[in-house]
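*Asks:* Let me give you the structure first, and then I'll get to my questions.
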2 protein chains.
Amino acid sequence: MATLQKSIDKRNALIKATIDLVNNNGFHATAMNKIAKMANVSPATIYLYFENKQDLVNQTYIEVKAKYSDYAFKNYTEKLSVEDGFKHIWKRIADFKLIECENAFFLAQCDNTPIIDEESRQEGIKHLQPLLDLWARGKKEGIIKPFSDYILYAYSINPLSFLMMAQKRETFKLNNEHMEEAFQAAWNSIKN
Amino acid sequence: MATLQKSIDKRNALIKATIDLVNNNGFHATAMNKIAKMANVSPATIYLYFENKQDLVNQTYIEVKAKYSDYAFKNYTEKLSVEDGFKHIWKRIADFKLIECENAFFLAQCDNTPIIDEESRQEGIKHLQPLLDLWARGKKEGIIKPFSDYILYAYSINPLSFLMMAQKRETFKLNNEHMEEAFQAAWNSIKN
DNA sequence: TTACACAAAATGAACGTTCATTCTTTTTTA
DNA sequence: TAAAAAAGAATGAACGTTCATTTTGTGTAA
């Protein structure tokens, strides 16, 4: 337990600190110094766990992205109808953005800036496959509009990021009614 | 012409260089040095036009945002029906994101990160009023769903940013057919 | 149980570099 | 010719990273 466990704790603390500081200051304004301080660790210790700053943020991204898709597809099964399946995944993603908003905000920032290696970005995309499969089935059954996946994503999933951002910036307060409206808008934009 | 004109040219060159470099490297990885070099100017000269780096990027943001909304509402008139008016504005915004994609990308990056002062951000929001007015009319006439403006924006306008981002990243190639699909999705998500 | 030795983990100080900004000088303009 | 504009070199601070050293944890011999 002792040694290894301690290590994992430190690594987690470092990743948590990275998310926090990058969320509030951006990647390049976040000093290794500050990350170390927030994680209660010496700056030098970071380099026992990560190659360098870029590696730290890449690994943080991949880890958060994995957490995101795990959350999104929890309890999902292909046995559901297209509409029910979509609603299930959509609600899970919405929940994630609300509940794990620090994580979600970090992902949004990575996805909209050049701070992440293209390689790590590709690594993070893989996880969405079940949703793409669902859409393929929906198109075949004539339930989903025959739009390209990018369009379907842009109009049914991605808007949640915008809402989360507004919420985080406190220019908008999401409530249950809003979420109901949002789901309707999402479904109307892609259903046939 | 002479003095003042020359100054405006330099200022424009600086702003253009800022957009270019921030788009490709992010704000904090963009050195004043490099901005000066790209604008064919001494680093010291920047400080004749801008207070400091933050001021440079704030002013760049406000200027690009103004260009964006000018473009969006060009030739728009309130005499149009709600549907036609919306289509008009939507197409203008879509055009902007396609044609002025460097500008659009810069805005997207500013809107998704903490690089811009909250004050400048607020300054940039004002310009959307005609669209909000149109939605208000649409809701009153029962043509637009009675959703909050944030939701309407998230599902009808903001998705264009996502598509532009994918396009810029060359993971997706937008064509006319896609734009038609995108408009349908946008309108379906907000129409009653 | 204690004392010791060794390796792994962790540290704080130090390094070289790069950055935003300023200072002094030169050039341009009117 | 005087003032405004611009330049390039200089500056101090801050950064990512490394180095020399100390601390911690673990197994072993007494």
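Every chain in the structure tokens takes a letter, A first, then B, and so on in the order presented; its residues are numbered from 1, and the ligands are numbered from 1 following the presented order.
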Please provide as a PyMOL selection string all residues within 9 Å of DG12 of chain C, with the sequence filter that same-chain residues fewer than 4 positions apart are discarded (counting only C-alpha atoms (C1' of nucleotides)).
*Replies:* chain A and resi 42-44
*Asks:* Any idea what's packed within 10 Å of Ala17 of chain A, counting only C-alpha atoms (C1' of nucleotides), ignoring anything in its chain fewer than 6 positions away? Could you give it as a count of residues only?
*Replies:* 9
*Asks:* Hey, list the chain B side of the contact with chain D: 12 Å cut-off, only C-alpha atoms (C1' of nucleotides), answer as a PyMOL selection string.
*Replies:* chain B and resi 3-4+6-7+10+28-29+33+36+40-49
*Asks:* Could those residues be written to a file, using N, CA, C and O atoms, as a CSV table (one decimal), in the first residue's frame?
*Replies:*
```
chain,number,residue,atom,x,y,z
B,3,THR,N,1.0,60.9,-41.7
B,3,THR,CA,1.3,60.4,-40.4
B,3,THR,C,0.1,59.5,-39.9
B,3,THR,O,0.4,58.4,-39.5
B,4,LEU,N,-1.1,60.0,-39.9
B,4,LEU,CA,-2.2,59.3,-39.3
B,4,LEU,C,-2.4,58.0,-40.0
B,4,LEU,O,-2.6,56.9,-39.4
B,6,LYS,N,-0.4,56.2,-41.8
B,6,LYS,CA,0.7,55.3,-41.5
B,6,LYS,C,0.4,54.6,-40.1
B,6,LYS,O,0.6,53.4,-40.0
B,7,SER,N,0.0,55.4,-39.2
B,7,SER,CA,-0.3,54.8,-37.9
B,7,SER,C,-1.4,53.8,-37.9
B,7,SER,O,-1.3,52.7,-37.3
B,10,LYS,N,-0.1,50.6,-39.3
B,10,LYS,CA,0.7,49.8,-38.3
B,10,LYS,C,-0.2,49.1,-37.3
B,10,LYS,O,0.0,48.0,-37.0
B,28,HIS,N,-0.9,33.1,-24.6
B,28,HIS,CA,0.3,33.2,-23.7
B,28,HIS,C,1.6,32.7,-24.4
B,28,HIS,O,2.7,33.0,-24.0
B,29,ALA,N,1.4,31.9,-25.4
B,29,ALA,CA,2.6,31.4,-26.1
B,29,ALA,C,2.9,32.3,-27.3
B,29,ALA,O,3.9,32.1,-28.0
B,33,ASN,N,7.5,40.1,-29.1
B,33,ASN,CA,8.5,40.0,-30.1
B,33,ASN,C,8.1,39.5,-31.4
B,33,ASN,O,8.3,40.1,-32.5
B,36,ALA,N,5.6,41.7,-33.1
B,36,ALA,CA,6.3,42.9,-33.7
B,36,ALA,C,6.9,42.4,-35.0
B,36,ALA,O,6.8,43.1,-36.1
B,40,ASN,N,6.2,43.7,-38.9
B,40,ASN,CA,7.3,44.6,-39.4
B,40,ASN,C,7.5,45.8,-38.6
B,40,ASN,O,7.5,47.0,-39.2
B,41,VAL,N,7.7,45.6,-37.3
B,41,VAL,CA,7.7,46.8,-36.4
B,41,VAL,C,8.6,46.4,-35.2
B,41,VAL,O,8.8,45.2,-34.9
B,42,SER,N,9.1,47.4,-34.6
B,42,SER,CA,9.9,47.1,-33.4
B,42,SER,C,9.0,46.8,-32.2
B,42,SER,O,7.9,47.3,-32.1
B,43,PRO,N,9.4,45.9,-31.3
B,43,PRO,CA,8.6,45.6,-30.1
B,43,PRO,C,8.2,46.9,-29.4
B,43,PRO,O,7.0,47.0,-28.9
B,44,ALA,N,9.1,47.8,-29.3
B,44,ALA,CA,8.8,49.1,-28.6
B,44,ALA,C,7.6,49.8,-29.2
B,44,ALA,O,6.8,50.5,-28.5
B,45,THR,N,7.5,49.7,-30.5
B,45,THR,CA,6.4,50.4,-31.2
B,45,THR,C,5.0,50.0,-30.8
B,45,THR,O,4.1,50.8,-30.8
B,46,ILE,N,4.9,48.7,-30.5
B,46,ILE,CA,3.6,48.2,-30.0
B,46,ILE,C,3.1,49.1,-28.9
B,46,ILE,O,1.9,49.4,-28.9
B,47,TYR,N,4.0,49.5,-28.0
B,47,TYR,CA,3.6,50.2,-26.8
B,47,TYR,C,3.2,51.7,-27.1
B,47,TYR,O,2.8,52.4,-26.2
B,48,LEU,N,3.4,52.1,-28.4
B,48,LEU,CA,2.8,53.4,-28.8
B,48,LEU,C,1.4,53.3,-29.1
B,48,LEU,O,0.6,54.3,-29.1
B,49,TYR,N,1.0,52.1,-29.4
B,49,TYR,CA,-0.4,51.9,-29.9
B,49,TYR,C,-1.3,51.2,-28.8
B,49,TYR,O,-2.5,51.4,-28.8
```
*Asks:* After a least-squares superposition of chain B onto chain A, with every Cα atom paired in order, give the RMSD to one decimal place.
*Replies:*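 The superposed chains show a C-alpha RMSD of 0.1 Å.
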*Asks:* With a distance threshold of 8 Å and counting only C-alpha atoms (C1' of nucleotides), extract the residues of chain C near chain B and express them as a list in words.
*Replies:* DC19, DA20 and DT29 of chain C
*Asks:* Please dump the current selection as a compact mmCIF listing (two decimals), in the first residue's frame; keep N, CA, C and O atoms (P, O5', C5', C4', C3', O3' and C1' of nucleotides).
*Replies:*
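So the final result, stored in again-v4.txt, reads:
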```txt
# COMPACT_ATOMS: atom_id res chain seq x y z
P DC C 19 9.68 33.73 -25.89
O5' DC C 19 8.85 34.81 -25.07
C5' DC C 19 8.13 34.40 -23.90
C4' DC C 19 8.01 35.57 -22.95
C3' DC C 19 7.62 36.88 -23.62
O3' DC C 19 6.22 37.02 -23.58
C1' DC C 19 9.31 37.16 -21.92
P DA C 20 5.52 38.22 -24.36
O5' DA C 20 5.51 39.40 -23.32
C5' DA C 20 4.82 39.25 -22.09
C4' DA C 20 5.09 40.45 -21.21
C3' DA C 20 4.59 41.78 -21.76
O3' DA C 20 4.06 42.54 -20.69
C1' DA C 20 6.95 41.87 -21.49
P DT C 29 8.19 59.91 -43.14
O5' DT C 29 7.56 61.19 -42.42
C5' DT C 29 6.76 61.02 -41.24
C4' DT C 29 6.40 62.38 -40.69
C3' DT C 29 5.86 63.36 -41.72
O3' DT C 29 4.63 63.87 -41.23
C1' DT C 29 7.56 64.38 -40.43
```
*Asks:* Taking only C-alpha atoms into account, what are the residues of chain B at most 8 Å from chain A, put as a PyMOL selection string?
*Replies:* chain B and resi 23-29+108-109+112-115+147-148+150-151+154-156+158-160+162-163+165+172+178+181-182+184-190
*Asks:* Among segment 45-118 of chain A, which ones does DSSP place in helix (DSSP H, G or I), written as a short mmCIF file (atom, residue, chain, number, x, y, z; two decimals) with C-alpha atoms, in the first residue's frame?
*Replies:*
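Result went into out_20.cif, see below:
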```cif
data_model
loop_
_atom_site.label_atom_id
_atom_site.label_comp_id
_atom_site.auth_asym_id
_atom_site.auth_seq_id
_atom_site.Cartn_x
_atom_site.Cartn_y
_atom_site.Cartn_z
CA THR A 45 8.39 16.20 -7.99
CA ILE A 46 6.16 16.89 -10.97
CA TYR A 47 8.93 15.63 -13.20
CA LEU A 48 8.90 12.27 -11.48
CA TYR A 49 5.37 11.77 -12.71
CA LYS A 53 4.44 20.53 -18.82
CA GLN A 54 3.02 19.46 -22.18
CA ASP A 55 2.97 15.84 -21.08
CA LEU A 56 1.19 16.82 -17.87
CA VAL A 57 -1.58 18.60 -19.72
CA ASN A 58 -1.85 15.89 -22.39
CA GLN A 59 -2.25 13.18 -19.76
CA THR A 60 -4.73 15.32 -17.86
CA TYR A 61 -6.76 15.75 -21.02
CA ILE A 62 -6.80 12.06 -21.84
CA GLU A 63 -7.75 11.15 -18.29
CA VAL A 64 -10.61 13.64 -18.11
CA LYS A 65 -11.84 12.65 -21.55
CA ALA A 66 -11.95 9.02 -20.47
CA LYS A 67 -13.89 9.95 -17.37
CA TYR A 68 -16.29 11.88 -19.58
CA SER A 69 -17.10 9.04 -21.93
CA ASP A 70 -17.33 6.51 -19.12
CA TYR A 71 -19.92 8.77 -17.59
CA ALA A 72 -21.72 9.36 -20.87
CA VAL A 82 -33.04 5.04 -31.05
CA GLU A 83 -35.00 7.77 -29.32
CA ASP A 84 -34.64 6.28 -25.85
CA GLY A 85 -30.98 5.53 -26.41
CA PHE A 86 -30.30 9.06 -27.54
CA LYS A 87 -32.19 10.51 -24.62
CA HIS A 88 -30.26 8.32 -22.24
CA ILE A 89 -26.85 9.36 -23.58
CA TRP A 90 -27.87 12.99 -23.89
CA LYS A 91 -29.01 13.16 -20.28
CA ARG A 92 -25.85 11.52 -19.05
CA ILE A 93 -23.72 14.02 -20.94
CA ALA A 94 -25.83 16.88 -19.65
CA ASP A 95 -25.42 15.57 -16.11
CA PHE A 96 -21.68 15.35 -16.53
CA LYS A 97 -21.47 18.93 -17.70
CA LEU A 98 -23.50 20.06 -14.73
CA ILE A 99 -22.07 17.91 -11.98
CA CYS A 101 -18.35 21.04 -14.47
CA GLU A 102 -14.69 21.60 -13.66
CA ASN A 103 -13.81 18.58 -15.74
CA ALA A 104 -16.19 19.58 -18.51
CA PHE A 105 -14.83 23.10 -18.60
CA PHE A 106 -11.30 21.81 -18.88
CA LEU A 107 -12.28 19.68 -21.87
CA ALA A 108 -14.03 22.59 -23.54
CA GLN A 109 -10.95 24.72 -23.17
CA CYS A 110 -8.73 22.01 -24.62
CA ASP A 111 -11.08 21.41 -27.52
CA GLU A 118 -3.05 16.67 -32.06
#
```
*Asks:* One decimal, in Å: what's the spacing between atom CA of Gly138 of chain A and atom CA of Gly124 of chain A?
*Replies:*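 For atom CA of Gly138 of chain A relative to atom CA of Gly124 of chain A, the distance reads 24.3 Å.
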*Asks:* Mind giving me the straight-line distance from atom CA of Asn192 of chain A to atom CA of Ala136 of chain A in Å, one decimal?
*Replies:* 13.2 Å
*Asks:* Please, what distance in Å, to one decimal, runs between atom CA of Ile144 of chain B and atom CA of Lys126 of chain B?
*Replies:* 21.9 Å
